[in-house]
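Below: input_37.tsv (TSV, C-alpha atoms)
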chain	number	residue	atom	x	y	z
A	1	LYS	CA	112.42	83.53	90.39
A	2	ASN	CA	111.44	80.99	93.06
A	3	ARG	CA	114.71	79.18	92.60
A	4	GLU	CA	116.36	77.17	95.36
A	5	LEU	CA	119.62	78.98	96.17
A	6	LYS	CA	120.36	77.33	99.50
A	7	GLY	CA	123.83	75.84	99.63
A	8	MET	CA	125.27	78.36	97.17
A	9	VAL	CA	127.49	81.14	98.45
A	10	TYR	CA	129.60	83.92	97.05
A	11	CYS	CA	132.51	84.20	99.46
A	12	ASP	CA	135.97	85.54	100.03
A	13	GLU	CA	138.98	84.45	102.07
A	14	SER	CA	138.18	82.58	105.31
A	15	ILE	CA	134.42	82.51	104.70
A	16	CYS	CA	135.12	80.25	101.73
A	17	GLN	CA	135.99	77.46	104.17
A	18	GLU	CA	132.27	77.02	104.84
A	19	ALA	CA	131.44	73.35	104.38
A	20	ASP	CA	128.82	71.89	102.05
A	21	VAL	CA	128.38	74.92	99.83
A	22	GLU	CA	128.93	75.61	96.18
A	23	GLN	CA	131.22	78.58	95.83
A	24	LEU	CA	130.32	81.19	93.24
A	25	THR	CA	132.71	83.45	91.42
A	26	ASN	CA	131.87	87.09	90.83
A	27	ASP	CA	131.03	86.38	87.19
A	28	GLU	CA	128.74	83.50	88.18
A	29	LEU	CA	126.97	85.68	90.73
A	30	LEU	CA	126.28	88.42	88.17
A	31	ALA	CA	124.89	85.88	85.71
A	32	MET	CA	122.39	84.32	88.11
A	33	ASP	CA	118.74	84.42	87.04
A	34	VAL	CA	117.30	86.53	89.90
A	35	ASP	CA	114.73	89.28	90.39
A	36	VAL	CA	117.02	91.74	92.15
A	37	LEU	CA	120.81	92.02	92.01
A	38	VAL	CA	122.30	94.09	94.85
A	39	LEU	CA	125.71	95.58	94.10
A	40	ALA	CA	127.00	96.63	97.50
A	41	ALA	CA	130.79	96.41	97.44
A	42	LEU	CA	132.85	97.49	94.45
A	43	GLU	CA	132.87	100.30	91.91
A	44	ASP	CA	132.47	99.18	88.27
A	45	ALA	CA	131.31	95.68	89.20
A	46	VAL	CA	129.20	95.72	86.02
A	47	THR	CA	130.94	97.12	82.97
A	48	GLU	CA	130.57	97.13	79.22
A	49	GLN	CA	132.44	93.82	79.14
A	50	ASN	CA	130.09	91.81	81.43
A	51	ALA	CA	126.77	93.70	81.25
A	52	ALA	CA	125.40	91.26	78.68
A	53	THR	CA	125.71	88.40	81.20
A	54	VAL	CA	123.49	90.04	83.84
A	55	ASN	CA	120.15	88.22	84.14
A	56	ALA	CA	118.54	90.25	86.93
A	57	ALA	CA	115.36	92.22	86.30
A	58	THR	CA	116.43	95.01	88.68
A	59	ILE	CA	119.80	96.20	89.94
A	60	LEU	CA	120.22	98.13	93.19
A	61	GLU	CA	123.37	100.24	93.37
A	62	ILE	CA	124.32	100.20	97.04
A	63	ALA	CA	128.03	100.77	96.40
A	64	ASN	CA	129.28	103.96	94.78
A	65	GLY	CA	129.16	103.61	91.00
A	66	PRO	CA	128.95	99.81	90.71
A	67	VAL	CA	127.52	100.05	87.17
A	68	SER	CA	129.61	101.92	84.60
A	69	ASN	CA	128.01	104.45	82.23
A	70	ALA	CA	128.52	102.18	79.24
A	71	ALA	CA	126.95	99.26	81.11
A	72	ASP	CA	124.01	101.48	82.09
A	73	ASP	CA	123.22	102.06	78.41
A	74	GLN	CA	123.41	98.35	77.62
A	75	LEU	CA	121.16	97.38	80.52
A	76	ALA	CA	118.60	100.05	79.64
A	77	LYS	CA	118.31	98.70	76.09
A	78	ARG	CA	117.59	95.25	77.54
A	79	GLY	CA	114.94	96.59	79.90
A	80	VAL	CA	116.94	96.01	83.08
A	81	GLU	CA	115.97	98.62	85.67
A	82	VAL	CA	118.94	100.16	87.48
A	83	LEU	CA	118.16	102.09	90.67
A	84	PRO	CA	121.11	104.48	90.98
A	85	ASP	CA	123.37	104.85	93.97
A	86	VAL	CA	122.47	108.52	94.37
A	87	LEU	CA	118.98	107.35	95.43
A	88	VAL	CA	119.46	103.84	96.81
A	89	ASN	CA	122.49	104.79	98.89
A	90	ALA	CA	121.32	108.28	99.78
A	91	GLY	CA	120.70	107.26	103.39
A	92	GLY	CA	124.28	106.07	103.83
A	93	VAL	CA	125.69	109.23	102.31
A	94	ILE	CA	123.49	111.48	104.44
A	95	VAL	CA	124.29	109.60	107.66
A	96	SER	CA	127.99	109.84	106.83
A	97	HIS	CA	127.51	113.58	106.50
A	98	LEU	CA	125.69	113.72	109.84
A	99	GLU	CA	128.53	111.79	111.46
A	100	TRP	CA	131.03	114.26	110.02
A	101	VAL	CA	128.96	117.20	111.31
A	102	GLN	CA	128.67	115.88	114.86
A	103	ASN	CA	132.39	115.09	114.92
A	104	ARG	CA	133.16	118.62	113.80
A	105	ILE	CA	131.09	120.17	116.57
A	106	GLY	CA	132.15	117.62	119.18
A	107	ASP	CA	128.58	116.50	119.83
A	108	THR	CA	126.76	113.15	119.93
A	109	TRP	CA	123.28	112.37	118.65
A	110	SER	CA	120.97	109.56	119.61
A	111	GLU	CA	119.86	106.99	117.04
A	112	ASP	CA	116.39	108.59	117.02
A	113	GLU	CA	117.90	112.00	116.28
A	114	VAL	CA	119.97	110.65	113.40
A	115	ASN	CA	116.94	108.82	111.96
A	116	ARG	CA	114.82	111.96	112.24
A	117	ARG	CA	117.36	114.11	110.42
A	118	LEU	CA	117.83	111.44	107.77
A	119	THR	CA	114.09	111.07	107.18
A	120	GLU	CA	113.59	114.82	106.84
A	121	ARG	CA	116.33	115.18	104.25
A	122	LEU	CA	115.17	112.18	102.25
A	123	ALA	CA	111.58	113.46	102.32
A	124	ARG	CA	112.63	116.82	100.95
A	125	GLU	CA	114.75	115.38	98.16
A	126	ALA	CA	112.32	112.62	97.19
A	127	GLY	CA	109.13	114.66	97.32
A	128	GLY	CA	110.39	118.10	96.43
A	129	TRP	CA	108.67	119.71	99.42
A	130	ASN	CA	110.02	121.62	102.38
A	131	LEU	CA	106.99	121.45	104.70
A	132	VAL	CA	107.56	118.97	107.52
A	133	LYS	CA	105.81	118.09	110.75
A	134	LEU	CA	108.17	117.75	113.70
A	135	GLU	CA	107.47	115.41	116.61
A	136	ILE	CA	110.09	114.55	119.23
A	137	LEU	CA	108.44	112.41	121.87
A	138	GLY	CA	109.60	111.96	125.46
A	139	GLU	CA	108.41	108.60	126.72
A	140	LYS	CA	105.82	106.04	125.63
A	141	ARG	CA	103.39	106.41	128.52
A	142	THR	CA	102.32	110.00	127.77
A	143	LEU	CA	103.88	110.68	124.35
A	144	TYR	CA	104.51	114.22	125.55
A	145	PRO	CA	106.91	116.26	123.42
A	146	MET	CA	110.54	116.77	124.45
A	147	MET	CA	110.48	120.54	124.31
A	148	PRO	CA	114.22	121.45	124.61
A	149	GLU	CA	115.03	119.08	121.73
A	150	THR	CA	111.97	120.26	119.80
A	151	LEU	CA	113.07	123.87	120.07
A	152	GLU	CA	116.60	123.04	118.92
A	153	ALA	CA	115.39	120.89	116.02
A	154	THR	CA	112.94	123.56	114.86
A	155	GLU	CA	115.71	126.15	114.70
A	156	THR	CA	118.08	123.77	112.88
A	157	LEU	CA	115.51	122.65	110.31
A	158	THR	CA	114.42	126.23	109.65
A	159	LYS	CA	118.02	127.23	108.93
A	160	GLU	CA	118.25	124.30	106.50
A	161	GLY	CA	115.28	125.61	104.54
A	162	PHE	CA	112.43	123.53	105.96
A	163	GLN	CA	109.03	124.92	106.92
A	164	VAL	CA	108.37	123.32	110.27
A	165	MET	CA	104.98	122.55	111.79
A	166	VAL	CA	105.70	121.70	115.42
A	167	TYR	CA	103.92	119.29	117.77
A	168	CYS	CA	104.46	120.85	121.18
A	169	SER	CA	103.22	121.29	124.73
A	170	ASP	CA	100.57	123.86	125.62
A	171	ASP	CA	103.11	126.14	127.33
A	172	PRO	CA	102.57	129.64	125.86
A	173	ILE	CA	106.16	130.72	126.56
A	174	LEU	CA	107.70	127.77	124.74
A	175	CYS	CA	105.20	128.10	121.91
A	176	LYS	CA	106.28	131.71	121.40
A	177	ARG	CA	109.93	130.65	121.32
A	178	LEU	CA	109.11	128.07	118.66
A	179	GLU	CA	107.57	130.79	116.54
A	180	ASP	CA	110.59	133.03	117.14
A	181	VAL	CA	113.02	130.40	115.82
A	182	GLY	CA	110.98	129.89	112.66
A	183	ALA	CA	108.05	127.49	113.16
A	184	VAL	CA	105.37	128.05	110.51
A	185	ALA	CA	102.62	126.41	112.58
A	186	ILE	CA	102.25	125.80	116.31
A	187	MET	CA	100.55	122.49	117.14
A	188	PRO	CA	99.92	122.21	120.90
A	189	LEU	CA	98.39	119.09	122.37
A	190	GLY	CA	94.94	119.36	123.85
A	191	ALA	CA	95.62	116.17	125.85
A	192	PRO	CA	97.95	113.18	125.41
A	193	ILE	CA	97.96	111.59	121.94
A	194	GLY	CA	95.15	109.07	121.55
A	195	SER	CA	93.68	109.79	125.00
A	196	GLY	CA	90.40	111.37	123.85
A	197	LEU	CA	90.38	113.53	126.97
A	198	GLY	CA	89.54	116.73	125.11
A	199	ILE	CA	91.00	120.19	125.67
A	200	GLN	CA	92.48	120.04	129.18
A	201	ASN	CA	93.90	123.59	129.32
A	202	PRO	CA	91.62	125.86	127.30
A	203	VAL	CA	93.12	129.01	128.83
A	204	ASN	CA	96.59	128.03	127.64
A	205	ILE	CA	95.33	127.26	124.14
A	206	ARG	CA	93.62	130.66	124.00
A	207	LEU	CA	96.80	132.43	125.17
A	208	ILE	CA	98.85	130.60	122.54
A	209	LYS	CA	96.40	131.64	119.83
A	210	GLU	CA	96.29	135.28	120.93
A	211	GLN	CA	100.09	135.65	120.88
A	212	SER	CA	100.78	133.74	117.66
A	213	ASN	CA	101.31	135.18	114.20
A	214	VAL	CA	101.28	131.72	112.61
A	215	PRO	CA	98.48	129.11	112.47
A	216	VAL	CA	97.67	127.27	115.70
A	217	ILE	CA	96.39	123.72	115.27
A	218	VAL	CA	95.33	121.50	118.17
A	219	ASP	CA	97.26	118.30	117.49
A	220	ALA	CA	96.14	115.66	120.00
A	221	GLY	CA	93.54	114.69	122.58
A	222	VAL	CA	90.29	115.24	120.68
A	223	GLY	CA	87.79	112.52	121.56
A	224	THR	CA	84.46	113.65	120.18
A	225	ALA	CA	82.83	116.45	118.19
A	226	SER	CA	82.38	118.82	121.14
A	227	ASP	CA	86.14	118.77	121.73
A	228	ALA	CA	86.73	119.94	118.17
A	229	THR	CA	84.13	122.69	118.62
A	230	ILE	CA	85.85	123.93	121.78
A	231	ALA	CA	89.22	124.07	120.03
A	232	MET	CA	87.77	126.12	117.19
A	233	GLU	CA	85.80	128.39	119.55
A	234	LEU	CA	89.11	129.22	121.23
A	235	GLY	CA	90.28	130.63	117.91
A	236	CYS	CA	92.42	127.76	116.66
A	237	ASP	CA	92.97	127.54	112.93
A	238	GLY	CA	92.42	123.81	112.77
A	239	VAL	CA	92.23	120.50	114.61
A	240	LEU	CA	94.31	117.45	113.70
A	241	MET	CA	92.65	114.17	114.60
A	242	ASN	CA	92.88	110.47	113.91
A	243	THR	CA	91.97	108.20	116.84
A	244	ALA	CA	88.69	109.97	117.59
A	245	ILE	CA	87.41	108.99	114.15
A	246	ALA	CA	89.27	105.71	113.68
A	247	GLU	CA	88.12	104.24	117.00
A	248	ALA	CA	84.53	105.48	116.85
A	249	LYS	CA	81.86	102.79	116.55
A	250	ASP	CA	80.78	104.45	113.30
A	251	PRO	CA	83.88	106.24	111.89
A	252	VAL	CA	82.08	107.68	108.86
A	253	ARG	CA	79.36	109.25	110.96
A	254	MET	CA	81.94	110.56	113.43
A	255	ALA	CA	83.88	112.13	110.56
A	256	ARG	CA	80.74	113.96	109.49
A	257	ALA	CA	80.18	115.07	113.07
A	258	MET	CA	83.75	116.36	113.31
A	259	LYS	CA	83.33	118.36	110.11
A	260	ALA	CA	80.15	119.97	111.40
A	261	ALA	CA	81.76	120.60	114.79
A	262	VAL	CA	84.78	122.36	113.29
A	263	GLU	CA	82.56	124.54	111.12
A	264	ALA	CA	80.26	125.39	114.04
A	265	GLY	CA	83.17	126.22	116.33
A	266	ARG	CA	84.77	128.47	113.74
A	267	ASP	CA	81.49	130.30	113.10
A	268	ALA	CA	80.97	130.78	116.83
A	269	TYR	CA	84.49	132.20	117.22
A	270	LEU	CA	84.00	134.63	114.35
A	271	ALA	CA	80.54	135.62	115.58
A	272	GLY	CA	81.88	136.46	119.06
A	273	ARG	CA	80.22	134.91	122.06
A	274	MET	CA	78.26	136.92	124.62
A	275	ALA	CA	80.00	138.00	127.80
A	276	LYS	CA	79.74	135.73	130.81
A	277	LYS	CA	77.92	137.28	133.77
A	278	MET	CA	77.67	136.41	137.43
A	279	TYR	CA	73.95	137.20	137.75
A	280	ALA	CA	70.82	136.89	135.66
A	281	ASP	CA	70.03	139.49	133.03
A	282	PRO	CA	66.47	139.20	131.71
A	283	SER	CA	66.34	138.74	127.97
A	284	SER	CA	62.62	139.51	127.63
A	285	PRO	CA	61.41	143.16	127.72
A	286	LEU	CA	60.23	144.38	131.12
A	287	ALA	CA	57.61	146.78	129.74
A	288	GLY	CA	54.05	145.61	130.31
A	289	LEU	CA	54.89	143.25	133.16
A	290	ILE	CA	52.29	143.18	136.00

Serialized structure, structure tokens:
Amino acid sequence: KNRELKGMVYCDESICQEADVEQLTNDELLAMDVDVLVLAALEDAVTEQNAATVNAATILEIANGPVSNAADDQLAKRGVEVLPDVLVNAGGVIVSHLEWVQNRIGDTWSEDEVNRRLTERLAREAGGWNLVKLEILGEKRTLYPMMPETLEATETLTKEGFQVMVYCSDDPILCKRLEDVGAVAIMPLGAPIGSGLGIQNPVNIRLIKEQSNVPVIVDAGVGTASDATIAMELGCDGVLMNTAIAEAKDPVRMARAMKAAVEAGRDAYLAGRMAKKMYADPSSPLAGLI
């Protein structure tokens, strides 16, 4: 509401000794004319008895059940939007579950691992989809995938009902293991993310495609249209790209070029290229030569 709230504090016990502030009671806090009221501490902070005093436009339930059912009905009739704890506090509940799980198995997870698992679960519940793309990166200089962790995460997510598309190295053995533990798409890098170096190991990409029973999508390294054509000529089912288009001098024209390149590469793969030969083989008829 663009109101000046500096110098006003809702406090408890020793914090109330803060000098030069106006102390607010719980009732006064609930009655303040604000855009968003965050209820983050107590159950039933807003009840049928005090719901009429709430002046916030939106209430966020961070605590468990801070708005009673009767108060919910009153607030709804007044047009106050209440975002329920089951959504707003879902992250806290899920992370608590993850903490319980790792304690049970005697394991420890990094902050990145916890955030990844949290994001995947929230994405599934919020969007109603099970298809996820998995990336576990090693270090910032190369952005290469951490393959042991990627393999473990793919297996775990598959068991939890996710369909996992996996960003991975171009190692055919590891790619086959990813498929074996449940990956629904194998996404090997052609070169480091954002490098534009093109397909550095075409033989590996071809081996991965030949052994796979799931789609193979080149996930990184494409720099120009010819790179996309090469990936498709190797038999890949698709090419994922961003930087090659975004950083082109004319992104729209490059996008058109990439579309044409993918189509041309796919047609060439399906048509079947001629065999490579060491020596010349005349293409014109020899009859009638002098």

Gly138 (chain A) surroundings by only C-alpha atoms, 10 Å radius, close-in-sequence under 6 positions cut, as a VMD selection string = chain A and resid 144 to 147 149

With C-alpha atoms retained, could you export that selection as a short mmCIF file (atom, residue, chain, number, x, y, z; two decimals), keeping the file's coordinate frame?
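Writing the result to selection_27.cif gives the following:
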data_model
loop_
_atom_site.label_atom_id
_atom_site.label_comp_id
_atom_site.auth_asym_id
_atom_site.auth_seq_id
_atom_site.Cartn_x
_atom_site.Cartn_y
_atom_site.Cartn_z
CA TYR A 144 104.51 114.22 125.55
CA PRO A 145 106.91 116.26 123.42
CA MET A 146 110.54 116.77 124.45
CA MET A 147 110.48 120.54 124.31
CA GLU A 149 115.03 119.08 121.73
#

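Taking CA of Thr53 (chain A) and CA of Ala41 (chain A) as endpoints, the distance between them is 18.8 Å.
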
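Interatomic distance, CA of Glu61 (chain A) to CA of Val101 (chain A): 25.3 Å.
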
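Taking CA of Asn242 (chain A) as the reference point, CA of Arg266 (chain A) is found at 19.7 Å.
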
Given only C-alpha atoms as the counted atoms, nearest of A:Ala76, A:Gly196, A:Ala220, A:Gln211 to Ala248 (chain A) |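 With only C-alpha atoms as the atom set, the closest residue is A:Gly196.
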